[in-house]
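Shown below: work01.cif, with mmCIF, C-alpha atoms and all ligand atoms.
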data_final
loop_
_atom_site.label_atom_id
_atom_site.label_comp_id
_atom_site.auth_asym_id
_atom_site.auth_seq_id
_atom_site.Cartn_x
_atom_site.Cartn_y
_atom_site.Cartn_z
CA MET A 1 0.00 0.00 0.00
CA LEU A 2 2.60 2.45 1.12
CA LEU A 3 5.55 1.27 -0.94
CA SER A 4 3.58 1.26 -4.14
CA SER A 5 3.07 4.98 -3.70
CA LEU A 6 6.62 5.85 -2.80
CA GLY A 7 8.20 6.02 -6.20
CA GLU A 8 5.53 7.41 -8.46
CA LYS A 9 7.28 10.60 -9.51
CA LYS A 10 9.13 9.39 -12.52
CA MET A 11 6.14 7.35 -13.67
CA LYS A 12 5.56 10.02 -16.24
CA TYR A 13 8.49 8.52 -18.11
CA TRP A 14 6.73 5.20 -18.29
CA ARG A 15 5.26 4.29 -21.60
CA LYS A 16 2.01 2.51 -22.10
CA PRO A 17 2.38 -1.21 -22.68
CA LEU A 18 2.75 -1.96 -26.38
CA ASP A 19 0.80 -5.15 -26.01
CA ALA A 20 -0.75 -7.24 -23.30
CA ASP A 21 2.31 -9.06 -22.01
CA LYS A 22 5.10 -6.55 -22.50
CA VAL A 23 5.80 -3.25 -20.81
CA LYS A 24 8.52 -0.68 -21.24
CA VAL A 25 10.50 -0.34 -18.06
CA PRO A 26 12.82 2.62 -17.64
CA HIS A 27 16.36 1.96 -16.62
CA GLY A 28 18.36 4.23 -14.38
CA THR A 29 21.96 4.79 -13.48
CA VAL A 30 22.55 5.52 -9.80
CA ARG A 31 24.90 8.28 -8.70
CA ILE A 32 26.09 8.52 -5.11
CA VAL A 33 27.77 11.60 -3.65
CA LYS A 34 29.58 9.40 -1.16
CA ASP A 35 31.01 12.08 1.08
CA ARG A 36 27.59 13.54 1.84
CA CYS A 37 26.16 10.22 3.04
CA LYS A 38 25.55 9.62 6.74
CA GLY A 39 24.85 5.92 6.35
CA CYS A 40 21.23 6.00 7.51
CA GLY A 41 20.30 3.06 5.27
CA PHE A 42 16.98 4.57 4.10
CA CYS A 43 17.82 4.20 0.40
CA VAL A 44 19.05 0.64 0.85
CA GLU A 45 15.94 -0.41 2.76
CA TYR A 46 13.33 1.24 0.55
CA CYS A 47 14.72 0.87 -2.98
CA PRO A 48 11.91 -1.17 -4.53
CA ARG A 49 14.36 -3.12 -6.71
CA ASN A 50 16.97 -3.90 -4.09
CA VAL A 51 19.65 -2.15 -6.10
CA LEU A 52 21.67 -0.79 -3.19
CA GLU A 53 23.73 -2.17 -0.35
CA ILE A 54 25.76 -0.52 2.43
CA SER A 55 29.47 -0.75 1.63
CA ASP A 56 32.42 -1.48 3.91
CA GLU A 57 34.07 1.67 2.67
CA PHE A 58 34.38 4.74 4.93
CA ASN A 59 33.64 8.20 3.57
CA VAL A 60 35.37 11.38 4.77
CA LYS A 61 33.03 11.62 7.74
CA GLY A 62 33.52 7.98 8.71
CA TYR A 63 30.15 6.71 7.53
CA HIS A 64 29.53 3.74 5.25
CA PRO A 65 27.90 4.98 2.04
CA PRO A 66 25.83 2.60 -0.08
CA TYR A 67 27.13 1.04 -3.28
CA VAL A 68 25.27 -0.13 -6.35
CA LYS A 69 24.82 -3.86 -6.10
CA ASN A 70 22.46 -4.48 -9.03
CA GLU A 71 22.66 -1.55 -11.39
CA GLU A 72 20.76 -3.35 -14.11
CA ASP A 73 17.72 -3.54 -11.83
CA CYS A 74 17.37 0.20 -11.24
CA VAL A 75 14.11 1.46 -12.73
CA ASN A 76 14.87 5.15 -12.17
CA CYS A 77 11.92 5.50 -9.82
CA GLY A 78 13.61 8.35 -7.94
CA LEU A 79 12.78 7.01 -4.51
CA CYS A 80 16.37 7.00 -3.28
CA GLU A 81 16.72 10.64 -4.27
CA LEU A 82 13.56 11.59 -2.40
CA ILE A 83 14.18 9.61 0.77
CA CYS A 84 17.84 10.52 1.21
CA PRO A 85 18.04 13.13 3.99
CA GLU A 86 21.52 14.18 2.80
CA PHE A 87 21.00 14.94 -0.91
CA ALA A 88 23.58 12.23 -1.53
CA ILE A 89 22.00 9.87 -4.07
CA TYR A 90 19.99 10.09 -7.26
CA SER A 91 19.34 8.26 -10.49
CA ILE A 92 19.42 9.27 -14.12
CA LEU A 93 17.21 7.82 -16.81
CA GLU A 94 19.54 5.67 -18.88
CA GLU A 95 17.49 3.83 -21.44
CA GLU A 96 14.30 1.90 -21.67
CA LEU A 97 14.65 -1.81 -21.63
CA GLU A 98 11.98 -4.09 -22.86
CA GLU A 99 11.01 -6.47 -20.18
CA LYS A 100 8.51 -9.23 -19.79
CA ASP A 101 5.71 -8.14 -17.53
CA GLU A 102 5.96 -10.57 -14.69
CA GLN A 103 2.44 -10.07 -13.47
CA MET B 1 32.81 17.42 -2.50
CA ASN B 2 32.45 18.72 -6.03
CA GLU B 3 29.99 16.09 -7.12
CA LYS B 4 26.61 17.58 -7.89
CA HIS B 5 23.11 16.53 -6.97
CA PRO B 6 19.98 17.49 -8.94
CA MET B 7 18.56 19.32 -5.92
CA ASP B 8 21.66 21.44 -5.38
CA TYR B 9 20.20 24.34 -7.33
CA LEU B 10 17.78 24.93 -4.44
CA LEU B 11 20.28 24.29 -1.66
CA ARG B 12 22.85 26.58 -0.12
CA GLU B 13 25.57 24.11 -0.97
CA ASP B 14 28.22 25.82 1.12
CA ARG B 15 26.17 24.78 4.16
CA ILE B 16 25.84 21.14 3.13
CA PRO B 17 26.40 18.76 4.89
CA HIS B 18 23.69 20.04 7.18
CA ILE B 19 23.64 19.61 10.96
CA TRP B 20 20.89 16.98 11.07
CA CYS B 21 21.82 13.65 12.63
CA PRO B 22 22.11 10.42 10.65
CA GLY B 23 18.60 9.01 10.25
CA CYS B 24 16.85 12.30 11.00
CA GLY B 25 13.72 12.70 8.87
CA ILE B 26 13.94 16.46 8.39
CA GLY B 27 16.26 16.07 5.39
CA SER B 28 13.90 13.62 3.68
CA SER B 29 11.06 16.10 4.10
CA VAL B 30 13.23 18.81 2.54
CA SER B 31 13.86 16.57 -0.49
CA CYS B 32 10.08 16.29 -0.84
CA PHE B 33 9.81 20.06 -0.40
CA ILE B 34 12.30 20.74 -3.20
CA MET B 35 10.52 18.25 -5.43
CA ALA B 36 7.18 19.88 -4.59
CA LEU B 37 8.48 23.35 -5.41
CA GLU B 38 9.65 21.99 -8.75
CA GLU B 39 6.38 20.21 -9.49
CA SER B 40 4.22 23.12 -8.41
CA GLY B 41 5.68 25.31 -11.13
CA LEU B 42 5.78 28.24 -8.68
CA ASP B 43 7.92 31.21 -9.64
CA LEU B 44 10.74 30.64 -7.15
CA LYS B 45 11.43 34.35 -7.05
CA LYS B 46 8.04 34.74 -5.44
CA VAL B 47 8.50 32.11 -2.76
CA ALA B 48 9.65 32.89 0.77
CA VAL B 49 10.51 30.34 3.45
CA VAL B 50 10.24 31.30 7.09
CA SER B 51 11.49 29.19 10.00
CA GLY B 52 11.66 29.62 13.74
CA ILE B 53 14.29 28.04 15.97
CA GLY B 54 15.08 24.35 16.39
CA CYS B 55 16.50 21.52 14.32
CA THR B 56 13.66 22.05 11.85
CA GLY B 57 14.20 25.78 12.06
CA ARG B 58 17.44 25.25 10.17
CA VAL B 59 15.51 24.55 6.96
CA ALA B 60 15.31 28.24 6.07
CA GLY B 61 19.10 28.39 6.19
CA TYR B 62 19.62 25.50 3.80
CA VAL B 63 17.24 26.36 0.96
CA LYS B 64 18.41 28.76 -1.72
CA LEU B 65 15.29 30.91 -1.74
CA ASP B 66 14.34 34.12 0.01
CA SER B 67 14.39 32.66 3.47
CA PHE B 68 14.16 33.95 7.00
CA HIS B 69 15.40 32.35 10.18
CA THR B 70 13.34 34.21 12.76
CA THR B 71 13.21 34.00 16.55
CA HIS B 72 11.75 31.09 18.49
CA GLY B 73 8.00 30.79 18.00
CA ARG B 74 7.71 33.81 15.75
CA ALA B 75 7.86 32.33 12.27
CA ILE B 76 4.12 32.77 11.77
CA PRO B 77 3.87 36.44 12.83
CA PHE B 78 6.88 37.19 10.63
CA ALA B 79 5.24 35.29 7.77
CA THR B 80 1.96 37.12 8.36
CA GLY B 81 3.71 40.43 7.82
CA LEU B 82 5.37 39.12 4.68
CA ALA B 83 2.06 37.82 3.32
CA LEU B 84 0.15 41.02 4.04
CA ALA B 85 2.79 43.29 2.56
CA ASN B 86 3.31 41.04 -0.48
CA PRO B 87 0.00 39.49 -1.45
CA ASP B 88 1.59 37.82 -4.49
CA LEU B 89 4.25 36.07 -2.46
CA LYS B 90 3.93 32.35 -1.68
CA VAL B 91 4.86 32.31 2.00
CA ILE B 92 5.88 28.96 3.45
CA VAL B 93 6.55 28.44 7.13
CA TYR B 94 8.75 25.40 7.82
CA SER B 95 9.33 24.74 11.48
CA GLY B 96 9.16 22.34 14.41
CA ASP B 97 6.32 21.26 16.65
CA GLY B 98 7.73 23.06 19.67
CA ASP B 99 8.37 26.25 17.76
CA LEU B 100 4.96 26.34 16.10
CA ILE B 101 2.73 24.87 18.76
CA ALA B 102 4.33 25.58 22.15
CA ILE B 103 5.86 29.07 22.22
CA GLY B 104 4.22 29.84 18.86
CA GLY B 105 0.88 28.21 19.59
CA ASN B 106 -1.16 31.38 19.74
CA HIS B 107 0.20 32.62 16.45
CA PHE B 108 -0.67 29.28 14.91
CA ILE B 109 -4.33 29.22 15.92
CA HIS B 110 -4.91 32.85 15.07
CA ALA B 111 -3.25 32.68 11.67
CA ALA B 112 -5.50 29.70 10.90
CA ARG B 113 -8.54 31.54 12.28
CA ARG B 114 -7.85 34.59 10.12
CA ASN B 115 -6.99 32.33 7.19
CA VAL B 116 -3.76 34.17 6.50
CA ASN B 117 -2.36 33.22 3.12
CA MET B 118 0.49 30.83 3.96
CA THR B 119 1.46 27.18 3.99
CA VAL B 120 2.70 25.86 7.31
CA ILE B 121 4.80 22.69 7.27
CA CYS B 122 5.36 21.33 10.76
CA ILE B 123 7.94 18.65 11.40
CA ASN B 124 6.56 16.80 14.39
CA ASN B 125 9.23 14.78 16.16
CA PHE B 126 7.21 14.90 19.38
CA LEU B 127 9.57 17.09 21.44
CA TYR B 128 12.11 19.90 21.53
CA ALA B 129 14.84 18.04 19.75
CA MET B 130 17.48 20.70 19.38
CA THR B 131 17.70 21.67 23.02
CA GLY B 132 18.00 18.15 24.39
CA GLY B 133 14.65 16.47 24.03
CA GLN B 134 12.38 18.29 26.47
CA VAL B 135 8.70 17.37 26.68
CA GLY B 136 6.38 19.58 24.63
CA PRO B 137 2.72 19.97 23.72
CA THR B 138 3.01 17.24 21.07
CA THR B 139 4.74 14.61 23.19
CA PRO B 140 2.46 11.55 23.24
CA LEU B 141 1.04 10.41 26.56
CA PHE B 142 3.53 8.12 28.33
CA ALA B 143 6.42 8.89 25.99
CA LYS B 144 9.67 9.73 27.73
CA ALA B 145 11.48 13.01 27.27
CA SER B 146 14.45 14.51 29.10
CA THR B 147 12.05 16.46 31.33
CA SER B 148 9.59 13.59 31.67
CA PRO B 149 11.87 10.68 32.54
CA TYR B 150 8.96 8.61 33.87
CA GLY B 151 6.81 9.37 30.87
CA ASN B 152 4.64 12.29 29.82
CA PHE B 153 1.38 12.53 31.75
CA GLU B 154 -0.05 15.55 29.93
CA GLN B 155 -2.53 15.23 27.09
CA PRO B 156 -0.87 16.43 23.84
CA PHE B 157 -2.44 18.50 21.10
CA ASN B 158 -3.56 16.72 17.97
CA LEU B 159 -2.14 19.19 15.45
CA VAL B 160 -4.43 18.40 12.55
CA HIS B 161 -7.45 18.70 14.81
CA LEU B 162 -6.15 21.99 16.18
CA ALA B 163 -5.51 23.36 12.67
CA ALA B 164 -8.89 22.24 11.38
CA ALA B 165 -10.80 23.57 14.39
CA SER B 166 -8.98 26.88 14.07
CA GLY B 167 -10.14 27.28 10.48
CA ALA B 168 -7.36 26.04 8.18
CA VAL B 169 -8.58 25.42 4.62
CA TYR B 170 -6.16 22.58 3.91
CA VAL B 171 -5.01 20.06 6.51
CA ALA B 172 -2.98 16.91 5.92
CA ARG B 173 -0.71 14.62 7.88
CA TRP B 174 1.95 12.33 6.43
CA THR B 175 5.10 10.74 7.77
CA ALA B 176 8.61 11.31 6.45
CA LEU B 177 8.29 7.93 4.75
CA HIS B 178 5.25 8.90 2.63
CA LEU B 179 7.50 10.63 0.15
CA ARG B 180 5.23 10.90 -2.86
CA ARG B 181 2.11 11.65 -0.87
CA LEU B 182 3.89 14.26 1.18
CA THR B 183 5.23 15.89 -1.98
CA LYS B 184 1.76 15.89 -3.49
CA ALA B 185 0.28 17.39 -0.33
CA MET B 186 2.85 20.17 -0.46
CA VAL B 187 1.98 20.92 -4.09
CA GLU B 188 -1.71 21.02 -3.18
CA ALA B 189 -1.08 23.21 -0.17
CA PHE B 190 1.03 25.66 -2.19
CA LYS B 191 -1.86 26.09 -4.61
CA LYS B 192 -4.31 26.86 -1.86
CA LYS B 193 -5.29 30.42 -1.03
CA GLY B 194 -5.46 30.85 2.72
CA PHE B 195 -3.97 28.91 5.62
CA SER B 196 -2.82 25.42 4.66
CA PHE B 197 -1.20 23.05 7.12
CA ILE B 198 0.83 19.86 6.72
CA GLU B 199 2.04 17.87 9.69
CA VAL B 200 5.00 15.60 8.98
CA ILE B 201 5.67 12.89 11.54
CA SER B 202 9.42 12.53 11.46
CA PRO B 203 12.13 10.34 12.99
CA CYS B 204 14.37 11.90 15.59
CA PRO B 205 16.76 9.13 16.52
CA THR B 206 18.88 11.33 18.77
CA SER B 207 16.35 12.90 21.09
CA TYR B 208 13.04 11.08 20.83
CA ALA B 209 13.92 7.56 19.77
CA ARG B 210 16.96 7.18 21.97
CA ARG B 211 15.10 8.10 25.13
CA ASN B 212 12.19 5.85 24.24
CA ARG B 213 14.40 3.01 23.00
CA LEU B 214 12.87 3.04 19.54
CA GLY B 215 16.08 2.38 17.64
CA ASP B 216 17.57 4.40 14.83
CA GLY B 217 15.92 6.51 12.14
CA LEU B 218 15.40 3.48 9.94
CA ALA B 219 13.59 1.66 12.76
CA GLN B 220 11.25 4.66 13.09
CA MET B 221 10.64 4.66 9.34
CA LYS B 222 9.79 0.95 9.56
CA PHE B 223 7.39 1.72 12.37
CA TYR B 224 5.64 4.29 10.15
CA HIS B 225 5.51 1.77 7.35
CA ASP B 226 3.82 -0.82 9.53
CA ASN B 227 1.58 1.49 11.52
CA SER B 228 0.31 4.23 9.23
CA ILE B 229 -3.31 4.09 8.18
CA ILE B 230 -4.29 6.21 5.20
CA ARG B 231 -7.74 7.69 5.82
CA HIS B 232 -8.47 10.63 3.57
CA GLY B 233 -11.30 12.78 4.80
CA ALA B 234 -11.18 11.35 8.32
CA ASP B 235 -12.57 13.62 11.01
CA PRO B 236 -9.42 15.20 12.51
CA LYS B 237 -10.76 14.62 16.01
CA ASP B 238 -10.44 10.89 15.39
CA THR B 239 -6.75 11.06 14.53
CA ASP B 240 -5.04 11.40 17.92
CA ILE B 241 -1.51 10.05 18.12
CA GLY B 242 -0.54 7.97 21.14
CA PHE B 243 2.82 6.56 22.12
CA GLN B 244 3.70 4.04 19.39
CA THR B 245 0.07 3.67 18.36
CA LYS B 246 -1.29 3.58 14.82
CA ILE B 247 -0.86 6.86 12.96
CA VAL B 248 -3.80 8.02 10.86
CA VAL B 249 -2.45 9.91 7.84
CA GLY B 250 -4.13 11.52 4.86
CA LYS B 251 -5.73 14.68 3.64
CA PHE B 252 -8.37 15.66 6.18
CA ILE B 253 -9.52 19.11 5.10
CA ASP B 254 -9.59 20.76 1.67
CA LYS B 255 -12.15 23.54 1.57
CA GLU B 256 -12.62 27.11 0.39
CA ARG B 257 -12.92 30.18 2.58
CA PRO B 258 -11.84 33.73 1.65
CA ASP B 259 -8.29 34.36 2.78
CA HIS B 260 -7.53 37.12 5.24
CA TYR B 261 -6.09 39.66 2.81
CA THR B 262 -8.71 39.21 0.09
CA PHE B 263 -11.61 39.32 2.52
CA MET B 264 -10.26 42.30 4.40
CA THR B 265 -9.59 44.41 1.29
CA GLN B 266 -12.89 43.44 -0.28
CA GLU B 267 -14.99 44.24 2.78
CA LEU B 268 -13.09 47.44 3.44
CA GLU B 269 -13.75 48.59 -0.09
CA LYS B 270 -17.48 47.97 0.41
CA VAL B 271 -17.47 50.22 3.45
CA THR B 272 -15.23 52.98 2.12
CA GLY B 273 -16.35 52.80 -1.50
CA GLY B 274 -12.69 52.56 -2.51
CA LYS B 275 -11.70 55.80 -0.75
CA LYS B 276 -8.43 55.59 1.14
C1 LIG A 301 12.74 32.50 23.37
C2 LIG A 301 13.45 31.21 23.34
N1 LIG A 301 13.10 30.26 24.23
C3 LIG A 301 13.72 29.06 24.19
C4 LIG A 301 14.69 28.79 23.27
C5 LIG A 301 15.37 27.45 23.25
N2 LIG A 301 14.93 26.60 22.18
C6 LIG A 301 15.58 26.54 21.01
S1 LIG A 301 14.92 25.43 19.94
C7 LIG A 301 13.71 25.02 21.07
C8 LIG A 301 12.67 23.98 20.78
C9 LIG A 301 12.70 23.42 19.42
O1 LIG A 301 11.73 22.42 19.29
P1 LIG A 301 10.99 22.19 17.93
O2 LIG A 301 10.40 23.45 17.45
O3 LIG A 301 10.07 21.04 18.11
O4 LIG A 301 12.17 21.88 16.91
P2 LIG A 301 13.03 20.55 16.72
O5 LIG A 301 14.38 20.87 17.27
O6 LIG A 301 12.34 19.46 17.47
O7 LIG A 301 13.03 20.35 15.25
C10 LIG A 301 13.85 25.75 22.24
C11 LIG A 301 12.97 25.60 23.42
C12 LIG A 301 15.01 29.81 22.35
N3 LIG A 301 15.93 29.61 21.38
N4 LIG A 301 14.37 31.00 22.39
S1 LIG A 302 16.03 5.01 -8.59
FE1 LIG A 302 16.96 4.51 -6.62
S2 LIG A 302 15.29 3.62 -5.42
FE2 LIG A 302 14.61 3.59 -7.58
S3 LIG A 302 15.24 1.58 -8.34
FE3 LIG A 302 16.94 2.97 -8.80
S4 LIG A 302 18.31 2.76 -7.03
FE4 LIG A 302 16.35 1.91 -6.43
S1 LIG A 303 19.69 7.56 2.17
FE1 LIG A 303 21.39 8.97 1.73
S2 LIG A 303 22.43 9.24 3.69
FE2 LIG A 303 21.13 7.44 3.89
S3 LIG A 303 22.46 5.70 3.36
FE3 LIG A 303 21.41 6.32 1.49
S4 LIG A 303 22.82 7.77 0.50
FE4 LIG A 303 23.48 7.58 2.62
S1 LIG A 304 18.21 15.93 17.35
FE1 LIG A 304 16.56 14.81 16.33
S2 LIG A 304 15.46 16.34 15.09
FE2 LIG A 304 17.46 17.22 15.67
S3 LIG A 304 18.81 16.74 13.93
FE3 LIG A 304 19.07 15.12 15.45
S4 LIG A 304 17.62 13.53 14.85
FE4 LIG A 304 17.00 15.41 13.78
MG MG A 305 10.33 19.06 17.65
#

Re-express the file's structure as structure tokens.
Amino acid sequence: MLLSSLGEKKMKYWRKPLDADKVKVPHGTVRIVKDRCKGCGFCVEYCPRNVLEISDEFNVKGYHPPYVKNEEDCVNCGLCELICPEFAIYSILEEELEEKDEQ
Amino acid sequence: MNEKHPMDYLLREDRIPHIWCPGCGIGSSVSCFIMALEESGLDLKKVAVVSGIGCTGRVAGYVKLDSFHTTHGRAIPFATGLALANPDLKVIVYSGDGDLIAIGGNHFIHAARRNVNMTVICINNFLYAMTGGQVGPTTPLFAKASTSPYGNFEQPFNLVHLAAASGAVYVARWTALHLRRLTKAMVEAFKKKGFSFIEVISPCPTSYARRNRLGDGLAQMKFYHDNSIIRHGADPKDTDIGFQTKIVVGKFIDKERPDHYTFMTQELEKVTGGKK
């Protein structure tokens, strides 16, 4: 209920399905401004595609920033950008990949 | 730190990183705020942000807009002056529950009563976070604060009920986790003429959660996820927040009523026939 509403913003980039069993899914590239991160874990927890993971690396402030674990799964929903309290992460629309609708 | 972020254009970058603790929800609400400003299509030259004092009060100092960091409790009277002198300005008050509802409580109810043209965004973290977590008029019954170590035994205000009863034309409550809905509420509130109010329930791991053993910011976000009930149009009197009880969120009020400035000038003109 809640999660489905979290990442609607970039839905305007979504195209209508071309036919019944295929949809166009946008693909994003994640950018992390590592030294701004305070390691809260919000982005990691709420990314709907499980793209992110906390790294072992330390940033300048001594926090562990996230890293991109599954870049190919990012759908450019923009949730990480919105939930990050530090303005430290965002995604860019990369390309649209055709994907089987799993539903 | 030369790497850029898409929201930087509305941030005073020289002040980032901000002072907010890891896992604090204020920053997430500001992301929503920046997104809402963008989506609303408002002329950013005609937007002013006014804050009082507190952790939330820092917002005015981080956004690259005409912004005013006023004294404790006085964001609304300052904003009232701005709104009356500049009827075309979109005035947005962004402050904490203590600032707006304790020391600033009278200003809050009277600005809503008069329907002064402004949007008030209140980050409710249930206490005075900045000064060490003292109990305040929003602290839930039985919650611990630094000045209520055995628990709070005073009935808190329900802010959406207070705003609605005082006459606000738009009243909503979301948590810092309801990112899209909060953003949408902000856009709606910005478009409203008159007094609009959004309460944002927000994690404060350092002052509120620590004392009440609620874990970190993420644990509080998870609590919101599991315990928020969306009930648009609910009667605000039925939306009290208890200590770790369910949180009713949604848009509760969206109505029309002439705003203070418009009504005053219009009625005055009737009486004076336009003579000054
Ligand atoms: C006149 C005056 N009284 C008291 C204070 C001390 N003071 C600073 S911030 C604050 C409370 C802030 O609480 P809130 O508005 O909820 O903001 P938060 O820090 O929780 O975001 C108080 C009492 C002050 N700065 N000025
Ligand atoms: S934009 Fe962010 S939250 Fe959305 S899928 Fe990509 S990494 Fe996850
Ligand atoms: S949400 Fe932001 S601050 Fe928190 S872990 Fe992710 S990048 Fe870091
Ligand atoms: S004390 Fe609480 S409200 Fe203030 S910055 Fe820290 S977590 Fe946020
Ligand atoms: Mg507070």

Once you count all atoms listed in the file, which residues end up no further than 10 Å from (4.8, 13.9, 24.0) in the file's frame, shown as a PDB file with C-alpha atoms, in the frame of the given file?
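Output saved as point_18.pdb:
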ATOM      1  CA  ASN B 125       9.230  14.780  16.160  1.00  0.00           C
ATOM      2  CA  PHE B 126       7.210  14.900  19.380  1.00  0.00           C
ATOM      3  CA  LEU B 127       9.570  17.090  21.440  1.00  0.00           C
ATOM      4  CA  TYR B 128      12.110  19.900  21.530  1.00  0.00           C
ATOM      5  CA  GLN B 134      12.380  18.290  26.470  1.00  0.00           C
ATOM      6  CA  VAL B 135       8.700  17.370  26.680  1.00  0.00           C
ATOM      7  CA  GLY B 136       6.380  19.580  24.630  1.00  0.00           C
ATOM      8  CA  PRO B 137       2.720  19.970  23.720  1.00  0.00           C
ATOM      9  CA  THR B 138       3.010  17.240  21.070  1.00  0.00           C
ATOM     10  CA  THR B 139       4.740  14.610  23.190  1.00  0.00           C
ATOM     11  CA  PRO B 140       2.460  11.550  23.240  1.00  0.00           C
ATOM     12  CA  LEU B 141       1.040  10.410  26.560  1.00  0.00           C
ATOM     13  CA  PHE B 142       3.530   8.120  28.330  1.00  0.00           C
ATOM     14  CA  ALA B 143       6.420   8.890  25.990  1.00  0.00           C
ATOM     15  CA  LYS B 144       9.670   9.730  27.730  1.00  0.00           C
ATOM     16  CA  ALA B 145      11.480  13.010  27.270  1.00  0.00           C
ATOM     17  CA  SER B 148       9.590  13.590  31.670  1.00  0.00           C
ATOM     18  CA  GLY B 151       6.810   9.370  30.870  1.00  0.00           C
ATOM     19  CA  ASN B 152       4.640  12.290  29.820  1.00  0.00           C
ATOM     20  CA  PHE B 153       1.380  12.530  31.750  1.00  0.00           C
ATOM     21  CA  GLU B 154      -0.050  15.550  29.930  1.00  0.00           C
ATOM     22  CA  GLN B 155      -2.530  15.230  27.090  1.00  0.00           C
ATOM     23  CA  PRO B 156      -0.870  16.430  23.840  1.00  0.00           C
ATOM     24  CA  PHE B 157      -2.440  18.500  21.100  1.00  0.00           C
ATOM     25  CA  TYR B 208      13.040  11.080  20.830  1.00  0.00           C
ATOM     26  CA  ILE B 241      -1.510  10.050  18.120  1.00  0.00           C
ATOM     27  CA  GLY B 242      -0.540   7.970  21.140  1.00  0.00           C
ATOM     28  CA  PHE B 243       2.820   6.560  22.120  1.00  0.00           C
TER      29      PHE B 243
END

Have a look at B:Ile247, B:Leu100, B:Ile230, B:Cys21 and name the one nearest to ligand LIG 304 (chain A); count only C-alpha atoms and all ligand atoms.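 Counting only C-alpha atoms and all ligand atoms, the residue closest to ligand LIG 304 (chain A) is B:Cys21.
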
Fewer than 2 positions away in the same chain doesn't count, so skip those; otherwise give me all residues within 7 Å of stretch 42-59 of chain A, counting all atoms listed in the file, as a VMD selection string. (chain A and resid 34 to 35 40 61 to 71 73 to 74 79 to 80 83 to 84) or (chain B and resid 218)

How would you report the residues lying within 7 Å of ligand LIG 301 (chain A), as a VMD selection string, if you count all atoms listed in the file? chain B and resid 53 to 57 71 to 72 95 to 100 123 to 131

Would you mind telling me which residue in A:Val75, A:Leu82, A:Val25, A:Ala88 lies nearest to A:Gly39 when using all atoms listed in the file?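 Under the stated criterion, the closest residue is A:Ala88.
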
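Straight-line separation from atom CA of B:Pro149 to atom CA of B:Arg211: 8.5 Å.
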
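Residue nearest ligand MG 305 (chain A), chosen from B:Ala164, B:Cys204, B:Val116, B:Met264 and counting all atoms listed in the file: B:Cys204.
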
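What separates atom CA of B:Pro17 from atom CA of B:Arg210 is a distance of 22.7 Å.
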
Env of A:Pro85: 10 Å cut, atoms = all atoms listed in the file, seq-sep filter 5 positions within chain, self excluded. Answer as an MDAnalysis selection string. (chainID A and resid 36:38 40 42:43 80) or (chainID B and resid 18 20:32 176)

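With distances taken over all atoms listed in the file, B:Met221 is the one residue among B:Leu182, B:Met35, B:Leu84, B:Met221 lying closest to ligand LIG 303 (chain A).
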
Fewer than 6 positions away in the same chain doesn't count, so skip those; otherwise give me all residues within 12 Å of B:Asn117, counting all atoms listed in the file, as an NGL selection string. :B and (76-77 or 79-93 or 111 or 168-170 or 189-197 or 257-263)

How far is it from atom CA of B:Leu177 to atom CA of B:Tyr9, in Å with one decimal?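 For atom CA of B:Leu177 relative to atom CA of B:Tyr9, the distance reads 23.6 Å.
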
Find the axis-aligned box for stretch 6-18 of chain B, covering all its listed atoms and adding 4 Å on each side, and write its centre and edge lengths in Å to one decimal as AutoDock Vina command-line options.
--center_x 23.0 --center_y 22.0 --center_z -0.9 --size_x 18.4 --size_y 17.1 --size_z 24.1

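Proximity of B:Val160, B:Ala102, B:Leu10, B:Val271 to chain A, computed with all atoms listed in the file, is greatest for B:Leu10.
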
From the list B:Leu179, B:Ile16, B:Ala234, B:Ala163, the nearest residue to ligand LIG 302 (chain A) using all atoms listed in the file is B:Leu179
